[in-house]
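**Q** Shown below is the structure under consideration.
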Amino acid sequence: MRQAEILGLCWHDIDWENGCIYIRNQLQQRQVRGDFSYYLAPPKEGKERRVILADSTMQVLREQKSLQEHMRKIAEPVWDNPWNLVFTNDFGKPPSRRTVYKHLKRVLRSCGTGDRSFHSLRHSFATICLENGDDIKTVQANLGHYAASFTLKTYAHVSDRMQQNSAARMEKLIQSLSQTDQTDDKD
């Protein structure tokens with residue numbers, strides 16, 4: 001997901017029963033002199049999409065819901081979350097991009113990968129998915145690319161590695177068949 005899509009996620013976009021979320025919005029900030037307010041815009045390409053999540057991710061969202069409910073109770077008189085956003089500051093407002101970036105960098109440094117950006121994490125995710133056998137259509141849908149051809153073009157380097165791995169598997173199969181033939185000849 002894109003950072004703006006995560007920040008634009010609303011509680012009603014989560015399908016708890018089916019373990020998925022719907023990307024319907026992205027949180028944007030106006031960049032007009034004197035007006036830096038937030039607004040929800042349609043996702044890139046204007047298309048809603050569904051993303052099926054891992055069980056552990058759904059658990060993190062449950063924990064976030066509980067944490068946010070606790071924050072709302074504490075900040076009740078000034079709580080302001082009109083869009084019902086999943087990720088807010090302590091008062092229900094959208095978190096600033098600078099704050100999100102700062103926290104992301106702290107987490108990444110603790111993992112030893114502090115040189116990454118939010119966008120580079122998308123690329124890492126796509127590469128890992130492809131290298132582990134996800135089909136291109138699934139990766140395209142999860143990333144929100146407009147076409148599988150764009151995903152293929154962007155991750156061509158992964159395709160090369162996948163082809164090399166495929167050739168290595170084929171070689172292993174040929175060798176095992178060759179050994180079977182040699183065993184059969186001895187009998």
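Lettering and numbering for the structure tokens are positional, with chains as A, B, ... in the shown order, residues counted from 1 in each chain, and ligands counted from 1 in the shown order.
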What lies within 9 Å of region 151-167 of chain A using only C-alpha atoms, ignoring chain neighbours under 4 positions off, as a ChimeraX atom specification?
**A** /A:123,126-127,130-131,133,136-137,139-140,143,145-147,171-172
**Q** Please extract the residues of region 42-172 of chain A with a backbone DSSP assignment of helix (DSSP H, G or I) and present them as JSON, numbers by chain.
**A** {"A": [44, 45, 46, 55, 56, 57, 58, 59, 60, 61, 62, 63, 64, 65, 66, 67, 68, 69, 70, 71, 72, 73, 74, 76, 77, 78, 97, 98, 99, 100, 101, 102, 103, 104, 105, 106, 107, 108, 109, 110, 118, 119, 120, 121, 122, 123, 124, 125, 126, 127, 128, 129, 130, 131, 136, 137, 138, 139, 140, 141, 142, 143, 148, 149, 150, 151, 152, 153, 154, 156, 157, 158, 159, 160, 161, 162, 163, 164, 165, 166, 167, 168, 169, 170, 171, 172]}
**Q** Please save C-alpha atoms of the selected residues as a CSV table (one decimal), in the first residue's frame.
**A**
```
chain,number,residue,atom,x,y,z
A,44,LYS,CA,-4.5,6.4,-7.4
A,45,GLU,CA,-6.1,5.5,-10.7
A,46,GLY,CA,-9.4,6.2,-9.0
A,55,ASP,CA,-3.7,-12.8,10.3
A,56,SER,CA,-1.0,-11.1,12.2
A,57,THR,CA,-1.8,-7.8,10.4
A,58,MET,CA,-5.4,-8.1,11.2
A,59,GLN,CA,-4.4,-8.6,14.9
A,60,VAL,CA,-2.3,-5.4,14.7
A,61,LEU,CA,-5.4,-3.6,13.4
A,62,ARG,CA,-7.5,-5.0,16.4
A,63,GLU,CA,-4.8,-3.7,18.7
A,64,GLN,CA,-4.9,-0.3,17.0
A,65,LYS,CA,-8.7,-0.2,17.4
A,66,SER,CA,-8.3,-0.8,21.1
A,67,LEU,CA,-5.5,1.7,21.5
A,68,GLN,CA,-7.5,4.3,19.6
A,69,GLU,CA,-10.6,3.8,21.7
A,70,HIS,CA,-8.4,4.3,24.8
A,71,MET,CA,-7.0,7.5,23.3
A,72,ARG,CA,-10.5,8.7,22.4
A,73,LYS,CA,-11.7,8.2,26.0
A,74,ILE,CA,-8.8,10.2,27.3
A,76,GLU,CA,-12.9,13.0,24.7
A,77,PRO,CA,-13.6,16.7,24.8
A,78,VAL,CA,-11.2,17.5,22.0
A,97,ARG,CA,3.7,13.1,7.4
A,98,ARG,CA,6.8,14.3,9.3
A,99,THR,CA,5.7,12.4,12.4
A,100,VAL,CA,5.0,9.2,10.4
A,101,TYR,CA,8.4,9.5,8.7
A,102,LYS,CA,10.2,10.0,12.0
A,103,HIS,CA,8.6,6.9,13.5
A,104,LEU,CA,9.2,4.9,10.4
A,105,LYS,CA,12.9,5.8,10.5
A,106,ARG,CA,13.2,4.9,14.2
A,107,VAL,CA,11.6,1.4,13.5
A,108,LEU,CA,13.8,0.8,10.5
A,109,ARG,CA,17.0,1.8,12.4
A,110,SER,CA,16.1,-0.6,15.1
A,118,PHE,CA,8.4,4.2,2.8
A,119,HIS,CA,8.2,3.8,-1.0
A,120,SER,CA,11.3,1.5,-1.0
A,121,LEU,CA,9.4,-0.8,1.4
A,122,ARG,CA,6.7,-1.2,-1.4
A,123,HIS,CA,9.5,-2.3,-3.7
A,124,SER,CA,10.9,-4.8,-1.1
A,125,PHE,CA,7.4,-6.2,-0.6
A,126,ALA,CA,6.8,-6.7,-4.3
A,127,THR,CA,10.2,-8.3,-4.8
A,128,ILE,CA,9.7,-10.7,-1.9
A,129,CYS,CA,6.2,-11.6,-3.1
A,130,LEU,CA,7.4,-12.4,-6.6
A,131,GLU,CA,10.5,-14.3,-5.4
A,136,ILE,CA,2.1,-11.0,-11.1
A,137,LYS,CA,-1.7,-10.3,-11.1
A,138,THR,CA,-1.8,-10.7,-7.3
A,139,VAL,CA,1.2,-8.4,-6.8
A,140,GLN,CA,-0.3,-5.9,-9.2
A,141,ALA,CA,-3.6,-5.9,-7.3
A,142,ASN,CA,-1.9,-5.6,-3.9
A,143,LEU,CA,0.3,-2.7,-5.1
A,148,ALA,CA,0.1,-6.2,-14.8
A,149,SER,CA,2.4,-5.0,-17.6
A,150,PHE,CA,3.5,-2.0,-15.5
A,151,THR,CA,4.3,-4.4,-12.6
A,152,LEU,CA,6.2,-6.7,-14.9
A,153,LYS,CA,8.2,-3.8,-16.3
A,154,THR,CA,8.9,-2.4,-12.9
A,156,ALA,CA,11.8,-7.1,-14.5
A,157,HIS,CA,14.9,-7.7,-12.5
A,158,VAL,CA,12.9,-10.1,-10.3
A,159,SER,CA,11.7,-11.9,-13.4
A,160,ASP,CA,15.3,-12.5,-14.4
A,161,ARG,CA,16.1,-14.0,-11.0
A,162,MET,CA,12.9,-16.1,-11.2
A,163,GLN,CA,14.0,-17.4,-14.6
A,164,GLN,CA,17.4,-18.3,-13.3
A,165,ASN,CA,15.8,-20.1,-10.4
A,166,SER,CA,13.5,-21.9,-12.8
A,167,ALA,CA,16.4,-23.0,-14.9
A,168,ALA,CA,18.2,-24.3,-11.8
A,169,ARG,CA,15.1,-26.2,-10.8
A,170,MET,CA,14.9,-27.7,-14.3
A,171,GLU,CA,18.5,-28.7,-14.2
A,172,LYS,CA,17.9,-30.4,-10.9
```
**Q** Could you state the separation of CA of Glu48 (chain A) and CA of Gln28 (chain A) in Å, given to one decimal place?
**A** 16.4 Å
**Q** So that I can check the surroundings of Glu5 (chain A), please list as JSON, numbers by chain every protein, DNA and RNA residue that reaches within 10 Å of it, counting only C-alpha atoms and ignoring chain neighbours fewer than 6 positions away.
**A** {"A": [22, 23, 24, 25, 26, 27, 28, 40, 41, 42, 43, 44]}
**Q** For all heavy atoms, I'd like the residues from the last selection saved as an mmCIF file, in the first residue's frame.
**A**
```
data_model
loop_
_atom_site.group_PDB
_atom_site.id
_atom_site.type_symbol
_atom_site.label_atom_id
_atom_site.label_comp_id
_atom_site.auth_asym_id
_atom_site.auth_seq_id
_atom_site.Cartn_x
_atom_site.Cartn_y
_atom_site.Cartn_z
ATOM 1 N N TYR A 22 -10.380 -2.604 2.269
ATOM 2 C CA TYR A 22 -10.709 -1.992 0.988
ATOM 3 C C TYR A 22 -10.019 -0.642 0.916
ATOM 4 O O TYR A 22 -10.158 0.178 1.829
ATOM 5 C CB TYR A 22 -12.227 -1.841 0.841
ATOM 6 C CG TYR A 22 -12.901 -3.176 0.693
ATOM 7 C CD1 TYR A 22 -13.321 -3.887 1.814
ATOM 8 C CD2 TYR A 22 -13.064 -3.748 -0.560
ATOM 9 C CE1 TYR A 22 -13.900 -5.135 1.687
ATOM 10 C CE2 TYR A 22 -13.648 -4.999 -0.699
ATOM 11 C CZ TYR A 22 -14.058 -5.684 0.429
ATOM 12 O OH TYR A 22 -14.621 -6.916 0.291
ATOM 13 N N ILE A 23 -9.261 -0.442 -0.130
ATOM 14 C CA ILE A 23 -8.574 0.827 -0.343
ATOM 15 C C ILE A 23 -9.549 1.704 -1.124
ATOM 16 O O ILE A 23 -9.781 1.482 -2.310
ATOM 17 C CB ILE A 23 -7.263 0.639 -1.133
ATOM 18 C CG1 ILE A 23 -6.391 -0.449 -0.507
ATOM 19 C CG2 ILE A 23 -6.521 1.963 -1.256
ATOM 20 C CD1 ILE A 23 -6.042 -0.225 0.936
ATOM 21 N N ARG A 24 -10.130 2.678 -0.434
ATOM 22 C CA ARG A 24 -11.126 3.554 -1.046
ATOM 23 C C ARG A 24 -10.679 5.010 -1.073
ATOM 24 O O ARG A 24 -11.254 5.810 -1.787
ATOM 25 C CB ARG A 24 -12.437 3.453 -0.278
ATOM 26 C CG ARG A 24 -13.063 2.080 -0.313
ATOM 27 C CD ARG A 24 -14.387 2.062 0.441
ATOM 28 N NE ARG A 24 -15.039 0.789 0.273
ATOM 29 C CZ ARG A 24 -15.339 -0.050 1.273
ATOM 30 N NH1 ARG A 24 -15.045 0.274 2.512
ATOM 31 N NH2 ARG A 24 -15.936 -1.191 1.031
ATOM 32 N N ASN A 25 -9.685 5.322 -0.240
ATOM 33 C CA ASN A 25 -9.238 6.710 -0.076
ATOM 34 C C ASN A 25 -7.737 6.775 0.074
ATOM 35 O O ASN A 25 -7.093 5.791 0.409
ATOM 36 C CB ASN A 25 -9.824 7.316 1.217
ATOM 37 C CG ASN A 25 -11.304 7.265 1.276
ATOM 38 O OD1 ASN A 25 -11.978 7.834 0.434
ATOM 39 N ND2 ASN A 25 -11.835 6.577 2.284
ATOM 40 N N GLN A 26 -7.261 7.969 -0.108
ATOM 41 C CA GLN A 26 -5.901 8.284 0.318
ATOM 42 C C GLN A 26 -5.966 9.649 0.991
ATOM 43 O O GLN A 26 -6.733 10.517 0.584
ATOM 44 C CB GLN A 26 -4.911 8.241 -0.833
ATOM 45 C CG GLN A 26 -5.220 9.102 -2.013
ATOM 46 C CD GLN A 26 -4.123 9.009 -3.050
ATOM 47 O OE1 GLN A 26 -2.951 8.924 -2.728
ATOM 48 N NE2 GLN A 26 -4.503 9.047 -4.317
ATOM 49 N N LEU A 27 -5.221 9.789 2.054
ATOM 50 C CA LEU A 27 -5.198 11.034 2.806
ATOM 51 C C LEU A 27 -4.209 11.984 2.148
ATOM 52 O O LEU A 27 -3.042 11.634 1.964
ATOM 53 C CB LEU A 27 -4.798 10.769 4.259
ATOM 54 C CG LEU A 27 -4.854 11.990 5.175
ATOM 55 C CD1 LEU A 27 -6.295 12.424 5.411
ATOM 56 C CD2 LEU A 27 -4.179 11.677 6.498
ATOM 57 N N GLN A 28 -4.692 13.140 1.784
ATOM 58 C CA GLN A 28 -3.848 14.156 1.156
ATOM 59 C C GLN A 28 -3.877 15.423 1.998
ATOM 60 O O GLN A 28 -4.828 15.653 2.753
ATOM 61 C CB GLN A 28 -4.345 14.467 -0.264
ATOM 62 C CG GLN A 28 -4.276 13.294 -1.216
ATOM 63 C CD GLN A 28 -2.845 12.903 -1.528
ATOM 64 O OE1 GLN A 28 -1.944 13.727 -1.554
ATOM 65 N NE2 GLN A 28 -2.646 11.612 -1.757
ATOM 66 N N LEU A 40 -9.685 13.653 2.082
ATOM 67 C CA LEU A 40 -9.635 12.311 1.519
ATOM 68 C C LEU A 40 -9.875 12.403 0.021
ATOM 69 O O LEU A 40 -10.821 13.059 -0.424
ATOM 70 C CB LEU A 40 -10.698 11.406 2.158
ATOM 71 C CG LEU A 40 -10.473 11.049 3.623
ATOM 72 C CD1 LEU A 40 -11.613 10.169 4.132
ATOM 73 C CD2 LEU A 40 -9.138 10.354 3.832
ATOM 74 N N ALA A 41 -9.016 11.749 -0.735
ATOM 75 C CA ALA A 41 -9.127 11.719 -2.194
ATOM 76 C C ALA A 41 -9.253 10.264 -2.621
ATOM 77 O O ALA A 41 -8.870 9.351 -1.878
ATOM 78 C CB ALA A 41 -7.882 12.348 -2.821
ATOM 79 N N PRO A 42 -9.763 10.025 -3.823
ATOM 80 C CA PRO A 42 -9.816 8.640 -4.308
ATOM 81 C C PRO A 42 -8.400 8.078 -4.433
ATOM 82 O O PRO A 42 -7.434 8.823 -4.589
ATOM 83 C CB PRO A 42 -10.455 8.764 -5.697
ATOM 84 C CG PRO A 42 -11.087 10.112 -5.731
ATOM 85 C CD PRO A 42 -10.321 10.974 -4.773
ATOM 86 N N PRO A 43 -8.278 6.756 -4.373
ATOM 87 C CA PRO A 43 -6.944 6.158 -4.530
ATOM 88 C C PRO A 43 -6.395 6.421 -5.926
ATOM 89 O O PRO A 43 -7.125 6.822 -6.836
ATOM 90 C CB PRO A 43 -7.182 4.662 -4.293
ATOM 91 C CG PRO A 43 -8.633 4.452 -4.485
ATOM 92 C CD PRO A 43 -9.313 5.759 -4.214
ATOM 93 N N LYS A 44 -5.111 6.191 -6.087
ATOM 94 C CA LYS A 44 -4.466 6.377 -7.383
ATOM 95 C C LYS A 44 -5.220 5.580 -8.443
ATOM 96 O O LYS A 44 -5.674 4.471 -8.173
ATOM 97 C CB LYS A 44 -3.001 5.918 -7.310
ATOM 98 C CG LYS A 44 -2.174 6.420 -8.450
ATOM 99 C CD LYS A 44 -0.706 6.210 -8.171
ATOM 100 C CE LYS A 44 0.106 6.745 -9.339
ATOM 101 N NZ LYS A 44 1.514 6.582 -9.126
#
```
**Q** As a list of chain:residue names, please: the residues near Ser37 (chain A) (cut-off 10 Å, only C-alpha atoms, same-chain neighbours under 4 positions excluded).
**A** A:Gln28, A:Gln29, A:Arg30, A:Gln31, A:Val32, A:Pro94
**Q** I'd like the interatomic distance between CA of Gly112 (chain A) and CA of Met1 (chain A), to a tenth of an Å.
**A**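 Going from CA of Gly112 (chain A) over to CA of Met1 (chain A) covers 22.2 Å.
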**Q** Hey, what does DSSP flag as strand (DSSP E or B) within region 31-138 of chain A? Can you give it to me as a list in words?
**A** Val32, Asp35, Tyr38, Tyr39, Leu40, Ala41, Arg49, Arg50, Val51, Ile52 and Leu85 of chain A
**Q** Using the selection just defined, write its residues with all heavy atoms as a compact mmCIF listing (two decimals), in the first residue's frame.
**A**
```txt
# COMPACT_ATOMS: atom_id res chain seq x y z
N VAL A 32 -1.68 24.74 -0.11
CA VAL A 32 -2.03 26.09 -0.52
C VAL A 32 -1.61 27.04 0.60
O VAL A 32 -1.77 26.72 1.78
CB VAL A 32 -3.56 26.21 -0.77
CG1 VAL A 32 -3.96 27.62 -1.17
CG2 VAL A 32 -4.01 25.20 -1.81
N ASP A 35 -3.31 27.20 3.94
CA ASP A 35 -4.23 26.08 4.11
C ASP A 35 -3.48 24.76 3.93
O ASP A 35 -3.14 24.37 2.83
CB ASP A 35 -5.38 26.16 3.08
CG ASP A 35 -6.40 25.05 3.24
OD1 ASP A 35 -6.32 24.28 4.23
OD2 ASP A 35 -7.28 24.93 2.37
N TYR A 38 -6.21 18.64 5.74
CA TYR A 38 -6.24 17.31 5.13
C TYR A 38 -7.57 17.08 4.43
O TYR A 38 -8.59 17.67 4.79
CB TYR A 38 -6.04 16.24 6.20
CG TYR A 38 -4.66 16.24 6.79
CD1 TYR A 38 -4.36 16.94 7.95
CD2 TYR A 38 -3.63 15.53 6.18
CE1 TYR A 38 -3.08 16.94 8.48
CE2 TYR A 38 -2.35 15.52 6.69
CZ TYR A 38 -2.09 16.24 7.85
OH TYR A 38 -0.82 16.24 8.37
N TYR A 39 -7.55 16.19 3.47
CA TYR A 39 -8.78 15.76 2.79
C TYR A 39 -8.58 14.35 2.27
O TYR A 39 -7.45 13.89 2.08
CB TYR A 39 -9.16 16.72 1.66
CG TYR A 39 -8.16 16.79 0.52
CD1 TYR A 39 -8.35 16.04 -0.64
CD2 TYR A 39 -7.03 17.60 0.60
CE1 TYR A 39 -7.44 16.09 -1.69
CE2 TYR A 39 -6.11 17.66 -0.44
CZ TYR A 39 -6.33 16.90 -1.58
OH TYR A 39 -5.42 16.94 -2.61
N LEU A 40 -9.69 13.65 2.08
CA LEU A 40 -9.64 12.31 1.52
C LEU A 40 -9.87 12.40 0.02
O LEU A 40 -10.82 13.06 -0.42
CB LEU A 40 -10.70 11.41 2.16
CG LEU A 40 -10.47 11.05 3.62
CD1 LEU A 40 -11.61 10.17 4.13
CD2 LEU A 40 -9.14 10.35 3.83
N ALA A 41 -9.02 11.75 -0.73
CA ALA A 41 -9.13 11.72 -2.19
C ALA A 41 -9.25 10.26 -2.62
O ALA A 41 -8.87 9.35 -1.88
CB ALA A 41 -7.88 12.35 -2.82
N ARG A 49 -9.83 -1.00 -4.37
CA ARG A 49 -9.32 -2.37 -4.44
C ARG A 49 -9.37 -3.02 -3.08
O ARG A 49 -9.42 -2.35 -2.05
CB ARG A 49 -7.92 -2.41 -5.03
CG ARG A 49 -6.82 -1.88 -4.16
CD ARG A 49 -5.48 -1.91 -4.90
NE ARG A 49 -4.37 -1.68 -4.03
CZ ARG A 49 -3.94 -0.50 -3.63
NH1 ARG A 49 -4.56 0.59 -4.04
NH2 ARG A 49 -2.89 -0.39 -2.84
N ARG A 50 -9.37 -4.34 -3.11
CA ARG A 50 -9.39 -5.14 -1.89
C ARG A 50 -8.02 -5.76 -1.70
O ARG A 50 -7.41 -6.23 -2.66
CB ARG A 50 -10.44 -6.24 -2.02
CG ARG A 50 -10.53 -7.14 -0.80
CD ARG A 50 -11.59 -8.18 -1.02
NE ARG A 50 -11.12 -9.15 -1.99
CZ ARG A 50 -11.28 -10.45 -1.89
NH1 ARG A 50 -11.96 -10.94 -0.88
NH2 ARG A 50 -10.81 -11.27 -2.80
N VAL A 51 -7.53 -5.76 -0.46
CA VAL A 51 -6.26 -6.37 -0.13
C VAL A 51 -6.51 -7.35 1.02
O VAL A 51 -7.01 -6.95 2.08
CB VAL A 51 -5.20 -5.33 0.29
CG1 VAL A 51 -3.89 -6.00 0.69
CG2 VAL A 51 -4.96 -4.32 -0.83
N ILE A 52 -6.20 -8.61 0.80
CA ILE A 52 -6.33 -9.62 1.84
C ILE A 52 -5.08 -9.56 2.70
O ILE A 52 -3.97 -9.55 2.18
CB ILE A 52 -6.54 -11.02 1.22
CG1 ILE A 52 -7.83 -11.02 0.40
CG2 ILE A 52 -6.56 -12.09 2.31
CD1 ILE A 52 -8.05 -12.28 -0.40
N LEU A 85 -10.76 7.63 10.84
CA LEU A 85 -9.48 7.11 10.38
C LEU A 85 -8.92 6.08 11.35
O LEU A 85 -9.09 6.20 12.57
CB LEU A 85 -8.46 8.24 10.21
CG LEU A 85 -8.77 9.28 9.14
CD1 LEU A 85 -7.77 10.43 9.23
CD2 LEU A 85 -8.76 8.66 7.76
```
